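Novice: The structure file upload_2.csv (CSV, N, CA, C and O atoms) is provided below.
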```csv
chain,number,residue,atom,x,y,z
A,1,LYS,N,89.8,-29.8,-86.5
A,1,LYS,CA,90.5,-30.4,-85.3
A,1,LYS,C,91.7,-31.1,-85.7
A,1,LYS,O,91.8,-31.7,-86.8
A,2,PRO,N,92.8,-31.1,-84.9
A,2,PRO,CA,94.0,-31.8,-85.2
A,2,PRO,C,93.7,-33.3,-85.0
A,2,PRO,O,93.1,-33.7,-84.0
A,3,VAL,N,94.3,-34.1,-85.9
A,3,VAL,CA,94.1,-35.6,-85.8
A,3,VAL,C,95.4,-36.3,-85.7
A,3,VAL,O,95.5,-37.4,-85.2
A,4,ALA,N,96.5,-35.7,-86.2
A,4,ALA,CA,97.8,-36.3,-86.1
A,4,ALA,C,98.9,-35.2,-86.2
A,4,ALA,O,98.6,-34.1,-86.7
A,5,ALA,N,100.0,-35.5,-85.7
A,5,ALA,CA,101.2,-34.6,-85.8
A,5,ALA,C,102.3,-35.4,-86.4
A,5,ALA,O,102.5,-36.6,-86.1
A,6,ARG,N,103.1,-34.8,-87.2
A,6,ARG,CA,104.3,-35.4,-87.8
A,6,ARG,C,105.5,-34.6,-87.4
A,6,ARG,O,105.5,-33.4,-87.6
A,7,LEU,N,106.5,-35.2,-86.8
A,7,LEU,CA,107.7,-34.5,-86.4
A,7,LEU,C,108.8,-35.1,-87.3
A,7,LEU,O,109.0,-36.3,-87.4
A,8,LEU,N,109.6,-34.2,-87.9
A,8,LEU,CA,110.6,-34.6,-88.8
A,8,LEU,C,111.9,-33.8,-88.5
A,8,LEU,O,111.8,-32.6,-88.1
A,9,VAL,N,113.0,-34.5,-88.5
A,9,VAL,CA,114.3,-33.8,-88.4
A,9,VAL,C,115.2,-34.3,-89.6
A,9,VAL,O,115.1,-35.4,-90.0
A,10,SER,N,116.0,-33.4,-90.1
A,10,SER,CA,116.9,-33.8,-91.2
A,10,SER,C,118.0,-34.7,-90.7
A,10,SER,O,118.6,-35.5,-91.5
A,11,GLU,N,118.5,-34.5,-89.5
A,11,GLU,CA,119.5,-35.3,-88.9
A,11,GLU,C,119.0,-35.8,-87.5
A,11,GLU,O,118.5,-34.9,-86.7
A,12,ALA,N,119.0,-37.0,-87.3
A,12,ALA,CA,118.5,-37.6,-86.0
A,12,ALA,C,119.2,-37.2,-84.8
A,12,ALA,O,120.5,-37.0,-84.8
A,13,PRO,N,118.5,-37.0,-83.7
A,13,PRO,CA,119.2,-36.8,-82.4
A,13,PRO,C,119.9,-38.0,-81.9
A,13,PRO,O,119.5,-39.2,-82.2
A,14,THR,N,120.9,-37.9,-81.1
A,14,THR,CA,121.6,-39.0,-80.4
A,14,THR,C,121.7,-38.6,-78.9
A,14,THR,O,121.8,-37.5,-78.6
A,15,GLY,N,121.7,-39.7,-78.1
A,15,GLY,CA,121.8,-39.4,-76.7
A,15,GLY,C,120.5,-39.1,-76.0
A,15,GLY,O,120.4,-38.7,-74.9
A,16,GLY,N,119.4,-39.2,-76.8
A,16,GLY,CA,118.0,-39.0,-76.3
A,16,GLY,C,117.2,-38.4,-77.4
A,16,GLY,O,117.6,-38.0,-78.4
A,17,PRO,N,115.9,-38.3,-77.1
A,17,PRO,CA,114.9,-37.9,-78.1
A,17,PRO,C,114.8,-36.3,-78.1
A,17,PRO,O,115.2,-35.6,-77.2
A,18,VAL,N,114.2,-35.8,-79.2
A,18,VAL,CA,113.8,-34.4,-79.3
A,18,VAL,C,112.3,-34.5,-78.8
A,18,VAL,O,111.5,-35.2,-79.4
A,19,LYS,N,112.0,-33.7,-77.8
A,19,LYS,CA,110.6,-33.7,-77.3
A,19,LYS,C,110.0,-32.3,-77.6
A,19,LYS,O,110.6,-31.3,-77.2
A,20,VAL,N,108.8,-32.2,-78.1
A,20,VAL,CA,108.1,-31.0,-78.4
A,20,VAL,C,106.7,-31.0,-77.8
A,20,VAL,O,106.1,-32.1,-77.6
A,21,ASN,N,106.2,-29.8,-77.6
A,21,ASN,CA,104.8,-29.7,-77.1
A,21,ASN,C,104.1,-28.6,-77.9
A,21,ASN,O,104.7,-27.6,-78.2
A,22,VAL,N,102.9,-28.9,-78.4
A,22,VAL,CA,102.1,-27.9,-79.1
A,22,VAL,C,100.9,-27.6,-78.2
A,22,VAL,O,100.3,-28.5,-77.8
A,23,LYS,N,100.7,-26.3,-78.0
A,23,LYS,CA,99.6,-25.9,-77.1
A,23,LYS,C,98.7,-25.0,-77.9
A,23,LYS,O,99.1,-24.2,-78.7
A,24,ASP,N,97.4,-25.2,-77.6
A,24,ASP,CA,96.3,-24.5,-78.2
A,24,ASP,C,95.8,-23.6,-77.0
A,24,ASP,O,95.2,-24.1,-76.1
A,25,ASP,N,96.1,-22.3,-77.1
A,25,ASP,CA,95.7,-21.3,-76.0
A,25,ASP,C,96.1,-21.8,-74.7
A,25,ASP,O,95.4,-21.8,-73.7
A,26,GLY,N,97.4,-22.4,-74.6
A,26,GLY,CA,98.0,-22.8,-73.4
A,26,GLY,C,97.7,-24.3,-72.9
A,26,GLY,O,98.2,-24.7,-71.9
A,27,THR,N,96.9,-25.0,-73.7
A,27,THR,CA,96.5,-26.4,-73.3
A,27,THR,C,97.2,-27.3,-74.4
A,27,THR,O,96.9,-27.1,-75.6
A,28,THR,N,97.9,-28.3,-73.9
A,28,THR,CA,98.5,-29.2,-74.8
A,28,THR,C,97.5,-30.0,-75.7
A,28,THR,O,96.4,-30.2,-75.3
A,29,ILE,N,97.9,-30.3,-76.9
A,29,ILE,CA,97.0,-31.0,-77.8
A,29,ILE,C,97.4,-32.5,-77.8
A,29,ILE,O,96.7,-33.3,-78.5
A,30,PHE,N,98.4,-32.9,-77.1
A,30,PHE,CA,98.9,-34.3,-77.1
A,30,PHE,C,98.4,-35.1,-75.9
A,30,PHE,O,98.3,-34.5,-74.8
A,31,THR,N,98.1,-36.4,-76.1
A,31,THR,CA,97.7,-37.2,-75.0
A,31,THR,C,98.7,-37.3,-73.9
A,31,THR,O,98.3,-37.2,-72.7
A,32,GLU,N,99.9,-37.5,-74.3
A,32,GLU,CA,101.0,-37.7,-73.2
A,32,GLU,C,101.6,-36.3,-72.8
A,32,GLU,O,102.6,-36.4,-72.1
A,33,GLY,N,101.2,-35.2,-73.4
A,33,GLY,CA,101.8,-34.0,-73.0
A,33,GLY,C,102.9,-33.5,-73.9
A,33,GLY,O,103.1,-32.4,-74.1
A,34,LEU,N,103.7,-34.5,-74.4
A,34,LEU,CA,104.8,-34.2,-75.3
A,34,LEU,C,104.8,-35.2,-76.4
A,34,LEU,O,104.4,-36.3,-76.3
A,35,ALA,N,105.3,-34.7,-77.6
A,35,ALA,CA,105.6,-35.6,-78.7
A,35,ALA,C,107.1,-35.7,-78.9
A,35,ALA,O,107.8,-34.7,-78.6
A,36,GLN,N,107.6,-36.8,-79.4
A,36,GLN,CA,109.0,-36.9,-79.5
A,36,GLN,C,109.5,-37.6,-80.7
A,36,GLN,O,108.8,-38.5,-81.3
A,37,VAL,N,110.7,-37.2,-81.2
A,37,VAL,CA,111.4,-38.0,-82.2
A,37,VAL,C,112.4,-38.7,-81.5
A,37,VAL,O,113.3,-38.2,-80.8
A,38,ASP,N,112.4,-40.1,-81.6
A,38,ASP,CA,113.3,-40.9,-80.8
A,38,ASP,C,114.7,-40.8,-81.3
A,38,ASP,O,115.0,-40.4,-82.5
A,39,GLN,N,115.7,-41.0,-80.5
A,39,GLN,CA,117.1,-40.9,-80.9
A,39,GLN,C,117.3,-41.9,-82.1
A,39,GLN,O,116.7,-42.9,-82.2
A,40,ASN,N,118.2,-41.5,-82.9
A,40,ASN,CA,118.6,-42.2,-84.1
A,40,ASN,C,117.4,-42.4,-85.1
A,40,ASN,O,117.5,-43.2,-86.0
A,41,SER,N,116.4,-41.6,-85.0
A,41,SER,CA,115.2,-41.6,-85.9
A,41,SER,C,115.1,-40.2,-86.5
A,41,SER,O,115.4,-39.2,-85.9
A,42,THR,N,114.5,-40.1,-87.7
A,42,THR,CA,114.2,-38.8,-88.3
A,42,THR,C,112.8,-38.5,-88.4
A,42,THR,O,112.4,-37.4,-88.9
A,43,GLU,N,111.9,-39.4,-88.1
A,43,GLU,CA,110.4,-39.1,-88.2
A,43,GLU,C,109.6,-39.8,-87.2
A,43,GLU,O,109.9,-40.9,-86.8
A,44,LYS,N,108.5,-39.2,-86.8
A,44,LYS,CA,107.6,-39.7,-85.8
A,44,LYS,C,106.2,-39.2,-86.1
A,44,LYS,O,106.1,-38.0,-86.3
A,45,GLU,N,105.2,-40.1,-86.2
A,45,GLU,CA,103.8,-39.6,-86.3
A,45,GLU,C,103.1,-39.9,-85.0
A,45,GLU,O,103.3,-40.9,-84.4
A,46,VAL,N,102.4,-38.9,-84.5
A,46,VAL,CA,101.8,-39.0,-83.2
A,46,VAL,C,100.3,-38.7,-83.3
A,46,VAL,O,99.8,-37.8,-84.0
A,47,ASP,N,99.5,-39.5,-82.6
A,47,ASP,CA,98.1,-39.2,-82.4
A,47,ASP,C,97.9,-38.0,-81.6
A,47,ASP,O,98.6,-37.8,-80.6
A,48,VAL,N,96.9,-37.2,-81.9
A,48,VAL,CA,96.8,-35.9,-81.2
A,48,VAL,C,95.4,-35.9,-80.5
A,48,VAL,O,94.5,-35.2,-80.9
A,49,PHE,N,95.3,-36.7,-79.5
A,49,PHE,CA,94.1,-36.7,-78.7
A,49,PHE,C,94.5,-36.5,-77.2
A,49,PHE,O,95.3,-37.2,-76.7
A,50,ASN,N,93.9,-35.4,-76.6
A,50,ASN,CA,94.1,-35.2,-75.2
A,50,ASN,C,93.1,-36.0,-74.4
A,50,ASN,O,92.3,-36.7,-74.9
A,51,LYS,N,93.1,-35.9,-73.1
A,51,LYS,CA,92.3,-36.6,-72.2
A,51,LYS,C,90.8,-36.4,-72.4
A,51,LYS,O,89.9,-37.2,-72.1
A,52,LEU,N,90.5,-35.2,-73.0
A,52,LEU,CA,89.1,-34.9,-73.3
A,52,LEU,C,88.6,-35.3,-74.7
A,52,LEU,O,87.5,-35.0,-75.1
A,53,GLY,N,89.4,-36.0,-75.4
A,53,GLY,CA,89.1,-36.3,-76.8
A,53,GLY,C,89.8,-35.4,-77.7
A,53,GLY,O,90.7,-34.7,-77.3
A,54,ALA,N,89.5,-35.5,-79.0
A,54,ALA,CA,90.1,-34.6,-80.0
A,54,ALA,C,89.9,-33.2,-79.7
A,54,ALA,O,88.7,-32.7,-79.6
A,55,PRO,N,90.9,-32.4,-79.5
A,55,PRO,CA,90.7,-30.9,-79.3
A,55,PRO,C,90.3,-30.3,-80.6
A,55,PRO,O,90.5,-30.7,-81.7
A,56,THR,N,89.5,-29.2,-80.4
A,56,THR,CA,89.1,-28.4,-81.6
A,56,THR,C,89.9,-27.0,-81.5
A,56,THR,O,90.0,-26.4,-80.5
A,57,ILE,N,90.5,-26.7,-82.7
A,57,ILE,CA,91.2,-25.4,-82.8
A,57,ILE,C,90.2,-24.5,-83.4
A,57,ILE,O,89.8,-24.6,-84.5
A,58,LYS,N,89.9,-23.4,-82.7
A,58,LYS,CA,88.9,-22.5,-83.1
A,58,LYS,C,89.6,-21.3,-83.9
A,58,LYS,O,90.8,-21.1,-83.7
A,59,ALA,N,88.9,-20.6,-84.7
A,59,ALA,CA,89.4,-19.5,-85.4
A,59,ALA,C,90.0,-18.5,-84.4
A,59,ALA,O,89.3,-18.2,-83.4
A,60,GLY,N,91.1,-17.9,-84.7
A,60,GLY,CA,91.7,-16.9,-83.8
A,60,GLY,C,92.5,-17.5,-82.7
A,60,GLY,O,93.1,-16.7,-81.9
A,61,THR,N,92.6,-18.8,-82.5
A,61,THR,CA,93.3,-19.4,-81.4
A,61,THR,C,94.8,-19.2,-81.6
A,61,THR,O,95.3,-18.9,-82.8
A,62,ILE,N,95.6,-19.3,-80.6
A,62,ILE,CA,97.0,-19.1,-80.7
A,62,ILE,C,97.6,-20.5,-80.4
A,62,ILE,O,97.4,-21.1,-79.3
A,63,LEU,N,98.4,-21.0,-81.4
A,63,LEU,CA,99.2,-22.2,-81.2
A,63,LEU,C,100.6,-21.8,-80.9
A,63,LEU,O,101.2,-20.9,-81.5
A,64,THR,N,101.2,-22.5,-79.9
A,64,THR,CA,102.6,-22.3,-79.5
A,64,THR,C,103.3,-23.6,-79.6
A,64,THR,O,102.7,-24.7,-79.3
A,65,LEU,N,104.6,-23.6,-79.9
A,65,LEU,CA,105.4,-24.8,-79.9
A,65,LEU,C,106.6,-24.6,-79.0
A,65,LEU,O,107.2,-23.5,-79.0
A,66,SER,N,106.8,-25.6,-78.2
A,66,SER,CA,108.0,-25.5,-77.3
A,66,SER,C,108.9,-26.8,-77.6
A,66,SER,O,108.3,-27.8,-77.8
A,67,ILE,N,110.2,-26.6,-77.6
A,67,ILE,CA,111.1,-27.7,-77.7
A,67,ILE,C,111.5,-27.9,-76.2
A,67,ILE,O,112.2,-27.1,-75.6
A,68,ASP,N,111.1,-29.1,-75.6
A,68,ASP,CA,111.3,-29.3,-74.2
A,68,ASP,C,112.5,-30.2,-73.9
A,68,ASP,O,113.0,-30.2,-72.8
A,69,ALA,N,113.1,-30.9,-74.9
A,69,ALA,CA,114.3,-31.7,-74.7
A,69,ALA,C,114.9,-31.9,-76.1
A,69,ALA,O,114.2,-32.0,-77.1
A,70,VAL,N,116.2,-32.1,-76.1
A,70,VAL,CA,117.0,-32.5,-77.3
A,70,VAL,C,118.0,-33.6,-76.9
A,70,VAL,O,118.2,-33.8,-75.7
A,71,GLY,N,118.4,-34.3,-77.9
A,71,GLY,CA,119.4,-35.4,-77.6
A,71,GLY,C,120.6,-34.8,-76.9
A,71,GLY,O,121.1,-33.6,-77.2
A,72,THR,N,121.2,-35.5,-75.9
A,72,THR,CA,122.3,-35.0,-75.1
A,72,THR,C,123.6,-35.0,-75.8
A,72,THR,O,124.5,-34.2,-75.6
A,73,THR,N,123.8,-36.0,-76.8
A,73,THR,CA,125.0,-36.0,-77.5
A,73,THR,C,124.9,-35.1,-78.8
A,73,THR,O,125.8,-34.4,-79.1
A,74,TYR,N,123.8,-35.2,-79.5
A,74,TYR,CA,123.5,-34.4,-80.6
A,74,TYR,C,122.0,-34.1,-80.6
A,74,TYR,O,121.2,-35.0,-80.6
A,75,GLY,N,121.7,-32.9,-80.7
A,75,GLY,CA,120.3,-32.5,-80.6
A,75,GLY,C,119.4,-32.7,-81.8
A,75,GLY,O,118.2,-32.5,-81.7
A,76,GLY,N,120.0,-33.1,-82.9
A,76,GLY,CA,119.2,-33.2,-84.1
A,76,GLY,C,119.3,-31.9,-84.9
A,76,GLY,O,119.8,-30.9,-84.5
A,77,ARG,N,118.7,-31.9,-86.1
A,77,ARG,CA,118.8,-30.7,-87.0
A,77,ARG,C,117.5,-30.5,-87.8
A,77,ARG,O,116.9,-31.5,-88.2
A,78,ASP,N,117.1,-29.3,-88.0
A,78,ASP,CA,116.1,-28.9,-88.9
A,78,ASP,C,114.7,-29.6,-88.5
A,78,ASP,O,114.1,-30.3,-89.3
A,79,LEU,N,114.2,-29.3,-87.3
A,79,LEU,CA,113.0,-29.8,-86.9
A,79,LEU,C,111.8,-29.2,-87.6
A,79,LEU,O,111.7,-28.0,-87.8
A,80,THR,N,110.9,-30.0,-88.1
A,80,THR,CA,109.6,-29.6,-88.7
A,80,THR,C,108.5,-30.3,-88.0
A,80,THR,O,108.6,-31.5,-87.7
A,81,VAL,N,107.5,-29.5,-87.6
A,81,VAL,CA,106.3,-30.1,-87.0
A,81,VAL,C,105.1,-29.8,-87.9
A,81,VAL,O,104.8,-28.7,-88.3
A,82,GLU,N,104.4,-30.9,-88.4
A,82,GLU,CA,103.2,-30.8,-89.2
A,82,GLU,C,102.0,-31.2,-88.5
A,82,GLU,O,102.1,-32.2,-87.8
A,83,LEU,N,100.9,-30.5,-88.6
A,83,LEU,CA,99.7,-30.9,-88.0
A,83,LEU,C,98.7,-31.3,-89.1
A,83,LEU,O,98.5,-30.6,-90.0
A,84,ASP,N,98.1,-32.5,-89.0
A,84,ASP,CA,97.0,-32.9,-89.9
A,84,ASP,C,95.7,-32.5,-89.2
A,84,ASP,O,95.5,-32.9,-88.1
A,85,LEU,N,94.9,-31.8,-90.0
A,85,LEU,CA,93.7,-31.3,-89.4
A,85,LEU,C,92.5,-31.8,-90.2
A,85,LEU,O,92.5,-32.0,-91.4
A,86,ASP,N,91.4,-32.0,-89.5
A,86,ASP,CA,90.1,-32.3,-90.1
A,86,ASP,C,89.2,-31.1,-89.8
A,86,ASP,O,89.2,-30.5,-88.7
A,87,GLU,N,88.4,-30.7,-90.8
A,87,GLU,CA,87.5,-29.6,-90.7
A,87,GLU,C,86.3,-30.0,-89.9
A,87,GLU,O,85.7,-31.1,-90.1
A,88,VAL,N,85.8,-29.2,-89.0
A,88,VAL,CA,84.7,-29.5,-88.1
A,88,VAL,C,83.5,-28.6,-88.6
A,88,VAL,O,83.7,-27.4,-88.8
A,89,ASP,N,82.4,-29.2,-88.8
A,89,ASP,CA,81.2,-28.4,-89.3
A,89,ASP,C,80.6,-27.5,-88.2
A,89,ASP,O,80.6,-27.8,-87.1
```
Could you render the structure as structure tokens?
Specialist:
Amino acid sequence: KPVAARLLVSEAPTGGPVKVNVKDDGTTIFTEGLAQVDQNSTEKEVDVFNKLGAPTIKAGTILTLSIDAVGTTYGGRDLTVELDLDEVD
């Protein structure tokens, strides 16, 4: 199950954050629906718990990533999204 997400950019956005959403078979894995890297920042760690508790990613699931917003002055550069996972027995 995912326990945290880390968003990294090599160059920080300006004029607003970079917002991303990771979905597991169409359902967001984030509490707030979106994770973001704040403007003038290059890293953000996010807890990955939705309203139902920690989601479980099953074998064969499809994960999708959408970039829902970027900085209005400069969108940032080289976005990396890392998921920290715990194995479920």
Novice: Every residue with an atom at most 6 Å from (97.0, -33.7, -90.1) (file coordinates; all atoms listed in the file) is what I'm after, so could you write them as number ranges by chain?
Specialist: A: 3-5, 82-86
Novice: Grab the atom CA of Thr72 of chain A to atom CA of Ser10 of chain A distance for me, in Å with one decimal place.
Specialist: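 If I compute the distance from atom CA of Thr72 of chain A to atom CA of Ser10 of chain A, I get 17.0 Å.
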Novice: Given the choices A:Thr64, A:Gln36, A:Thr73, A:Thr56, which gets closest to Leu7 of chain A if the distance is worked out from only N, CA, C and O atoms?
Specialist: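 Residue with the minimum atom-to-atom distance to Leu7 of chain A: A:Gln36.
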Novice: Looking at A:Lys1, A:Gln39, A:Ile62, A:Arg6, which one is nearest to Gly26 of chain A, with distances taken over only N, CA, C and O atoms?
Specialist: A:Ile62
Novice: So which one's closest to Val20 of chain A, A:Gly60, A:Ile67, A:Leu8, A:Glu43? Using only N, CA, C and O atoms, please.
Specialist: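 Ranked by minimum distance to Val20 of chain A, first place goes to A:Ile67.
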Novice: For Asp68 of chain A, which residue out of A:Ala12, A:Glu87, A:Ile29, A:Val37 is the nearest one, using only C-alpha atoms?
Specialist: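 For Asp68 of chain A, the nearest of the candidates is A:Val37.
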Novice: So, with only N, CA, C and O atoms as the atoms that count, which of A:Glu11, A:Thr28, A:Val88, A:Asn21 lies closest to Gly75 of chain A?
Specialist: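 Comparing A:Glu11, A:Thr28, A:Val88, A:Asn21 against Gly75 of chain A, the winner is A:Glu11.
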Novice: Find the residue from A:Thr14, A:Val22, A:Val81, A:Thr27 that sits nearest to Leu65 of chain A; use all atoms listed in the file when measuring.
Specialist: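 Result for the nearest residue to Leu65 of chain A: A:Val22.
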Novice: The residues within 12 Å of (110.5, -41.0, -74.9), using only C-alpha atoms and the coordinates of the file, should be reported as a PyMOL selection string; which are they?
Specialist: chain A and resi 15-20+32-39+41+44+68-71
Novice: So the first atom is atom N of Thr42 of chain A and the second is atom O of Pro13 of chain A; what is the distance between them in Å, to one decimal place?
Specialist: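 Atom O of Pro13 of chain A lies 7.5 Å from atom N of Thr42 of chain A.
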Novice: Can you tell me how far atom C of Ala59 of chain A sits from atom O of Leu79 of chain A, in Å to one decimal?
Specialist: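 Distance reported for this atom pair: 23.9 Å.
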Novice: From the DSSP assignment of the backbone, select every residue of chain A that is strand (DSSP E), and format the answer as an NGL selection string.
Specialist: :A and (2-8 or 18-24 or 27-28 or 35-37 or 43-47 or 63-69 or 80-85)
